[in-house]
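Chemist: What follows is a structure written as structure tokens; I'll ask about it next.
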Amino acid sequence: ENTIATEWHMFTYEIAPVFVVMEEILLKKMHEMVGWGEMEADGIFSPGGTISNLYSVLVARYKRFPEIKTKGMAALPHISLFVSEHSHYSVKKAAAVLGIGTDNVIAVKCDERGKMIPSDLEAKILKVKRQDHIPLYVSATAGTTVYGAFDPLDNIADICEKYGLWMHVDAAWGGGLLMSRKHSFKLNGIERANSVTWNPHKLMGVPLQCSAFLVCEKGLLQACNQMCAGYLFQPDKQYDTTYDTGDKTIQCGRHVDVFKLWLMWKAKGTRGFEILINKSLELAEYLYKELNSRENFELVFDAEPELTNVCFWYIPPNLRRIPNGPEREKLLHQVAPKIKARMIEEGTTMVSYQPHGDKVNFFRMVFSNPATRKSDVDFLLEEIERLGKDL
């Protein structure tokens, strides 16, 4: 029984000494890659990016209003959080869970490429201040869910510094690019963040789930979350109790998610991850060029992919004859779901689709499987044509 507990649970050093040390070493390595090498940063592996983003709101709020922990929301002024309109829904979910309220999560406009517009962020912060609310926190995204866009982190950091906001970077998807010398520039400015979410289970291909929450200030996670339970976290143990990481978290026992990343990193090395990630981005670029050269496909926005997301419409020959307008849009909206249904029946491929803003249903191809080849991309496009040409 003890071996099972040791293998899968970590909250104190004595229960999982090896995994606790592994976590410390890998968090330190990730801090270096973010650009916090000189600082005594902190962090924790959590069950997925949604919970990592929740930690960022929790810690940001505690940093500004430590009384929240004992007094609750009634003791606080009205606070506002800012996200891009292309951000992941998890920040809104965190606001609902933490009693901040989804109405107090303010969406900032994005350009046609899906990047947050800094001037709109500043305008929205000023608007909130005029209403006598407290602008507290901004979540910038490095690799958005749909477009794979990177927000302009340096410009957002300037605004956060100017108005004293906590800057979080949700790099759940795009954080893996820090492993690539060719692509890491897309995260320039991330070193100025107060906290970062990075999911190795996305771009780096670590088995689900493996998500790191990184925070620039040492001790904040502990202060925010500790409950000092006497039956687990005795202060008079004979070892250094800073290794009892369980009181940093909102969980008690945790899975040893760090072990998966540790083993992969040992096996592949940083260069191995780099090769894998560069290959995924090459495939996205290949798909983008193929789509550009085929007449029955149309890109949702015409710009080279920054990550591995490629968004496009398939236009059946019948639809090509209809001029642009509401009628064509209505018909185009039905194309992707019909092709997807046929894909599932055939069992050949699986590609997701969705509408976004004022854009009707389009396909969103995302590469993260290291086994994918260019021939698979060719097959996918031919398959979409085959299944959709009579629509």
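Every chain in the structure tokens takes a letter, A first, then B, and so on in the order presented; its residues are numbered from 1, and the ligands are numbered from 1 following the presented order.
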Once you count only C-alpha atoms, what closest atom pair and distance in Å to one decimal does each residue of range 144-202 of chain A within 10 Å of range 307-318 of chain A have, with rows by chain and rising residue number, as CSV?

Modeler:
```
residue,atom,partner,partner_atom,distance
A:Thr144,CA,A:Leu307,CA,9.0
A:Thr145,CA,A:Asn309,CA,8.3
A:Val146,CA,A:Asn309,CA,7.0
A:Tyr147,CA,A:Asn309,CA,6.0
A:Gly148,CA,A:Leu307,CA,5.3
A:Ala149,CA,A:Leu307,CA,7.2
A:Phe150,CA,A:Leu307,CA,8.6
A:Trp173,CA,A:Leu307,CA,8.8
A:Gly174,CA,A:Leu307,CA,7.1
A:Leu177,CA,A:Leu307,CA,8.6
A:His183,CA,A:Leu307,CA,9.0
A:Lys186,CA,A:Leu307,CA,9.4
```

Chemist: Looking only at helix (DSSP H, G or I) from DSSP on the backbone, list the matching residues of range 105-265 of chain A as a ChimeraX atom specification.

Modeler: /A:118-130,153-163,174-179,184-187,190-192,220-225,241-243,245-248,258-265

Chemist: Using the selection just defined, write its residues with C-alpha atoms as a short mmCIF file (atom, residue, chain, number, x, y, z; two decimals), in the first residue's frame.

Modeler:
```cif
data_model
loop_
_atom_site.label_atom_id
_atom_site.label_comp_id
_atom_site.auth_asym_id
_atom_site.auth_seq_id
_atom_site.Cartn_x
_atom_site.Cartn_y
_atom_site.Cartn_z
CA PRO A 118 -2.45 47.35 -26.46
CA SER A 119 -4.20 50.70 -27.00
CA ASP A 120 -7.58 49.03 -26.37
CA LEU A 121 -6.20 47.43 -23.20
CA GLU A 122 -5.12 50.84 -21.92
CA ALA A 123 -8.48 52.42 -22.83
CA LYS A 124 -10.35 49.65 -20.99
CA ILE A 125 -8.13 50.00 -17.89
CA LEU A 126 -8.84 53.76 -17.81
CA LYS A 127 -12.57 53.14 -18.23
CA VAL A 128 -12.57 50.76 -15.25
CA LYS A 129 -10.69 53.31 -13.14
CA ARG A 130 -13.28 55.98 -14.00
CA LEU A 153 4.00 40.86 -24.53
CA ASP A 154 6.46 43.78 -24.25
CA ASN A 155 3.75 46.39 -24.99
CA ILE A 156 1.38 44.73 -22.53
CA ALA A 157 4.15 44.65 -19.89
CA ASP A 158 4.67 48.42 -20.37
CA ILE A 159 0.97 49.04 -19.67
CA CYS A 160 0.95 46.69 -16.65
CA GLU A 161 3.95 48.54 -15.20
CA LYS A 162 2.35 51.91 -15.86
CA TYR A 163 -0.90 51.07 -14.04
CA GLY A 174 2.99 28.45 -27.00
CA GLY A 175 5.38 27.97 -24.06
CA GLY A 176 7.03 25.05 -25.80
CA LEU A 177 8.53 27.50 -28.33
CA LEU A 178 10.96 28.56 -25.58
CA MET A 179 12.71 25.27 -26.42
CA SER A 184 11.48 31.57 -29.12
CA PHE A 185 11.52 35.25 -30.18
CA LYS A 186 7.72 35.04 -30.44
CA LEU A 187 7.66 35.07 -26.62
CA ILE A 190 7.58 36.92 -21.22
CA GLU A 191 10.46 37.52 -18.79
CA ARG A 192 8.59 40.64 -17.61
CA LEU A 220 3.78 33.95 -2.62
CA LEU A 221 2.15 30.60 -3.44
CA GLN A 222 2.90 29.36 0.05
CA ALA A 223 1.58 32.48 1.79
CA CYS A 224 -1.55 32.50 -0.35
CA ASN A 225 -2.47 28.84 0.06
CA THR A 241 10.37 21.72 5.58
CA THR A 242 10.52 24.02 2.55
CA TYR A 243 10.50 20.70 0.67
CA THR A 245 5.44 21.63 -1.23
CA GLY A 246 1.88 20.50 -0.48
CA ASP A 247 0.98 23.71 1.35
CA LYS A 248 1.64 25.79 -1.78
CA VAL A 258 6.57 16.22 -13.24
CA PHE A 259 7.87 12.65 -13.65
CA LYS A 260 6.57 12.43 -17.23
CA LEU A 261 8.34 15.62 -18.22
CA TRP A 262 11.53 14.58 -16.39
CA LEU A 263 11.69 11.25 -18.26
CA MET A 264 11.03 12.86 -21.66
CA TRP A 265 13.59 15.59 -21.05
#
```

Chemist: Would you list the contacts of Ala94 in chain A as a ChimeraX atom specification, taking every protein, DNA or RNA residue within 8 Å and counting only C-alpha atoms, but skipping same-chain residues closer than 2 positions in sequence?

Modeler: /A:50,53-54,57,90-92,96-98

Chemist: Could you turn the residues from that selection into a file that holds all heavy atoms, as a PDB file, in the first residue's frame?

Modeler:
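Writing the result to part-v2.pdb gives the following:
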```
ATOM      1  N   THR A  50      -6.161  25.145 -17.043  1.00  0.00           N
ATOM      2  CA  THR A  50      -7.266  25.887 -16.418  1.00  0.00           C
ATOM      3  C   THR A  50      -6.954  26.156 -14.951  1.00  0.00           C
ATOM      4  O   THR A  50      -7.164  27.263 -14.453  1.00  0.00           O
ATOM      5  CB  THR A  50      -8.585  25.105 -16.577  1.00  0.00           C
ATOM      6  OG1 THR A  50      -8.919  25.077 -17.967  1.00  0.00           O
ATOM      7  CG2 THR A  50      -9.725  25.750 -15.807  1.00  0.00           C
ATOM      8  N   ASN A  53      -4.068  28.691 -14.671  1.00  0.00           N
ATOM      9  CA  ASN A  53      -4.576  30.056 -14.831  1.00  0.00           C
ATOM     10  C   ASN A  53      -5.353  30.507 -13.596  1.00  0.00           C
ATOM     11  O   ASN A  53      -5.301  31.681 -13.218  1.00  0.00           O
ATOM     12  CB  ASN A  53      -5.432  30.163 -16.090  1.00  0.00           C
ATOM     13  CG  ASN A  53      -4.591  30.180 -17.361  1.00  0.00           C
ATOM     14  OD1 ASN A  53      -3.376  30.389 -17.318  1.00  0.00           O
ATOM     15  ND2 ASN A  53      -5.219  29.952 -18.500  1.00  0.00           N
ATOM     16  N   LEU A  54      -6.070  29.586 -12.958  1.00  0.00           N
ATOM     17  CA  LEU A  54      -6.773  29.917 -11.717  1.00  0.00           C
ATOM     18  C   LEU A  54      -5.770  30.344 -10.638  1.00  0.00           C
ATOM     19  O   LEU A  54      -5.984  31.323  -9.929  1.00  0.00           O
ATOM     20  CB  LEU A  54      -7.602  28.718 -11.234  1.00  0.00           C
ATOM     21  CG  LEU A  54      -8.398  28.962  -9.956  1.00  0.00           C
ATOM     22  CD1 LEU A  54      -9.852  28.522 -10.148  1.00  0.00           C
ATOM     23  CD2 LEU A  54      -7.841  28.245  -8.755  1.00  0.00           C
ATOM     24  N   VAL A  57      -4.739  34.032 -11.013  1.00  0.00           N
ATOM     25  CA  VAL A  57      -5.708  35.015 -10.495  1.00  0.00           C
ATOM     26  C   VAL A  57      -5.677  35.007  -8.966  1.00  0.00           C
ATOM     27  O   VAL A  57      -5.675  36.050  -8.308  1.00  0.00           O
ATOM     28  CB  VAL A  57      -7.136  34.726 -11.021  1.00  0.00           C
ATOM     29  CG1 VAL A  57      -8.133  35.735 -10.446  1.00  0.00           C
ATOM     30  CG2 VAL A  57      -7.175  34.763 -12.549  1.00  0.00           C
ATOM     31  N   SER A  90     -10.685  29.873 -19.598  1.00  0.00           N
ATOM     32  CA  SER A  90     -10.359  29.490 -18.216  1.00  0.00           C
ATOM     33  C   SER A  90     -10.220  30.681 -17.261  1.00  0.00           C
ATOM     34  O   SER A  90     -10.452  30.531 -16.060  1.00  0.00           O
ATOM     35  CB  SER A  90      -9.091  28.643 -18.180  1.00  0.00           C
ATOM     36  OG  SER A  90      -8.055  29.273 -18.891  1.00  0.00           O
ATOM     37  N   VAL A  91      -9.850  31.857 -17.769  1.00  0.00           N
ATOM     38  CA  VAL A  91      -9.743  33.018 -16.862  1.00  0.00           C
ATOM     39  C   VAL A  91     -11.138  33.430 -16.396  1.00  0.00           C
ATOM     40  O   VAL A  91     -11.359  33.752 -15.228  1.00  0.00           O
ATOM     41  CB  VAL A  91      -8.994  34.195 -17.526  1.00  0.00           C
ATOM     42  CG1 VAL A  91      -8.972  35.419 -16.610  1.00  0.00           C
ATOM     43  CG2 VAL A  91      -7.557  33.777 -17.867  1.00  0.00           C
ATOM     44  N   LYS A  92     -12.105  33.369 -17.316  1.00  0.00           N
ATOM     45  CA  LYS A  92     -13.498  33.643 -16.950  1.00  0.00           C
ATOM     46  C   LYS A  92     -13.988  32.628 -15.921  1.00  0.00           C
ATOM     47  O   LYS A  92     -14.674  32.956 -14.959  1.00  0.00           O
ATOM     48  CB  LYS A  92     -14.376  33.560 -18.202  1.00  0.00           C
ATOM     49  CG  LYS A  92     -15.038  34.873 -18.548  1.00  0.00           C
ATOM     50  CD  LYS A  92     -15.925  34.750 -19.756  1.00  0.00           C
ATOM     51  CE  LYS A  92     -16.913  35.913 -19.723  1.00  0.00           C
ATOM     52  NZ  LYS A  92     -17.605  36.098 -20.966  1.00  0.00           N
ATOM     53  N   ALA A  96     -15.335  33.101 -12.008  1.00  0.00           N
ATOM     54  CA  ALA A  96     -16.582  32.535 -11.470  1.00  0.00           C
ATOM     55  C   ALA A  96     -16.287  31.745 -10.200  1.00  0.00           C
ATOM     56  O   ALA A  96     -16.972  31.890  -9.182  1.00  0.00           O
ATOM     57  CB  ALA A  96     -17.240  31.639 -12.509  1.00  0.00           C
ATOM     58  N   VAL A  97     -15.245  30.925 -10.227  1.00  0.00           N
ATOM     59  CA  VAL A  97     -14.903  30.058  -9.087  1.00  0.00           C
ATOM     60  C   VAL A  97     -14.442  30.886  -7.882  1.00  0.00           C
ATOM     61  O   VAL A  97     -14.776  30.573  -6.742  1.00  0.00           O
ATOM     62  CB  VAL A  97     -13.797  29.044  -9.499  1.00  0.00           C
ATOM     63  CG1 VAL A  97     -13.275  28.281  -8.294  1.00  0.00           C
ATOM     64  CG2 VAL A  97     -14.329  28.072 -10.537  1.00  0.00           C
ATOM     65  N   LEU A  98     -13.670  31.942  -8.143  1.00  0.00           N
ATOM     66  CA  LEU A  98     -13.050  32.707  -7.054  1.00  0.00           C
ATOM     67  C   LEU A  98     -13.941  33.835  -6.536  1.00  0.00           C
ATOM     68  O   LEU A  98     -13.503  34.649  -5.733  1.00  0.00           O
ATOM     69  CB  LEU A  98     -11.703  33.277  -7.509  1.00  0.00           C
ATOM     70  CG  LEU A  98     -10.640  32.227  -7.881  1.00  0.00           C
ATOM     71  CD1 LEU A  98      -9.416  32.896  -8.474  1.00  0.00           C
ATOM     72  CD2 LEU A  98     -10.244  31.399  -6.660  1.00  0.00           C
TER      73      LEU A  98
END
```

Chemist: Grab the CA of Lys182 in chain A to CA of Ser211 in chain A distance for me, in Å with one decimal place.

Modeler: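 Between CA of Lys182 in chain A and CA of Ser211 in chain A the gap is 23.4 Å.
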
Chemist: Skip Val20 in chain A itself and residues of its chain fewer than 2 positions away, then list as a list in words all residues within 10 Å of it, counting only C-alpha atoms.

Modeler: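 Counting only the stated atoms, we get Met10, Phe11, Thr12, Tyr13, Glu14, Ile15, Ala16, Pro17, Val18, Met22, Glu23, Glu24, Ile25, Tyr243, Asp244, Thr245, Gly246, Val256, Val258 and Phe259 of chain A.
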
Chemist: Would you please work out which residue, of A:Glu329, A:Asp390, A:Asp42, A:Glu382, is nearest to Val196 in chain A when using only C-alpha atoms?

Modeler: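 Nearest to Val196 in chain A: A:Asp42.
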
Chemist: In Å, rounded to a single decimal, give me how far CA of Ala171 in chain A is from CA of Gly143 in chain A.

Modeler: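 Atom-to-atom, CA of Gly143 in chain A and CA of Ala171 in chain A are spaced 6.4 Å apart.
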
Chemist: Do a neighbour search on range 268-277 of chain A at 7 Å with only C-alpha atoms, toss out local chain neighbours closer than 5 positions, and write the hits as a ChimeraX atom specification.

Modeler: /A:179-180,203-204,370

Chemist: Interatomic distance between CA of Val360 in chain A and CA of Lys374 in chain A?

Modeler: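 These atoms are spaced 27.6 Å apart.
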
Chemist: Would you mind telling me which residue in A:Ala267, A:Ile44, A:Met350, A:Ile100 lies nearest to Phe367 in chain A when using only C-alpha atoms?

Modeler: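 Among the listed residues, the smallest separation from Phe367 in chain A belongs to A:Met350.
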
Chemist: Could you pull out the strand (DSSP E or B) residues of range 122-247 of chain A, going by DSSP on the backbone, and write them as a list of chain:residue names?

Modeler: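 Residues meeting the strand (DSSP E or B) criterion: A:Ile134, A:Pro135, A:Leu136, A:Tyr137, A:Val138, A:Ser139, A:Ala140, A:Thr141, A:Ala142, A:Phe150, A:Trp166, A:Met167, A:His168, A:Val169, A:Asp170, A:Ser195, A:Val196, A:Thr197, A:Trp198, A:Ser211, A:Ala212, A:Phe213, A:Leu214, A:Val215.
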
Chemist: Kindly indicate which residue among A:Tyr55, A:His133, A:Ala142, A:Glu385 lies nearest to His86 in chain A, using only C-alpha atoms for the distances.

Modeler: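 Result for the nearest residue to His86 in chain A: A:Ala142.
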
Chemist: A:Leu391, A:Ala336, A:Ile250, A:Val83: which is nearest Leu58 in chain A, counting only C-alpha atoms?

Modeler: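 The closest residue to Leu58 in chain A is A:Ile250.
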
Chemist: Need to verify the contact set: Asp302 in chain A, 9 Å, only C-alpha atoms, exclusion of same-chain residues closer than 4 positions in sequence. Can you return it as a PDB file with C-alpha atoms, in the first residue's frame?

Modeler:
```pdb
ATOM      1  CA  ARG A 113      -4.409  38.216 -36.724  1.00  0.00           C
ATOM      2  CA  TYR A 288      -0.468  27.023 -45.230  1.00  0.00           C
ATOM      3  CA  ASN A 292      -2.674  29.023 -50.719  1.00  0.00           C
ATOM      4  CA  GLU A 298      -9.537  29.766 -48.501  1.00  0.00           C
TER       5      GLU A 298
END
```

Chemist: Between A:Ala60, A:Met73, A:Val335, A:Ile68, single out the one closest to Ser139 in chain A, counting only C-alpha atoms.

Modeler: A:Ala60
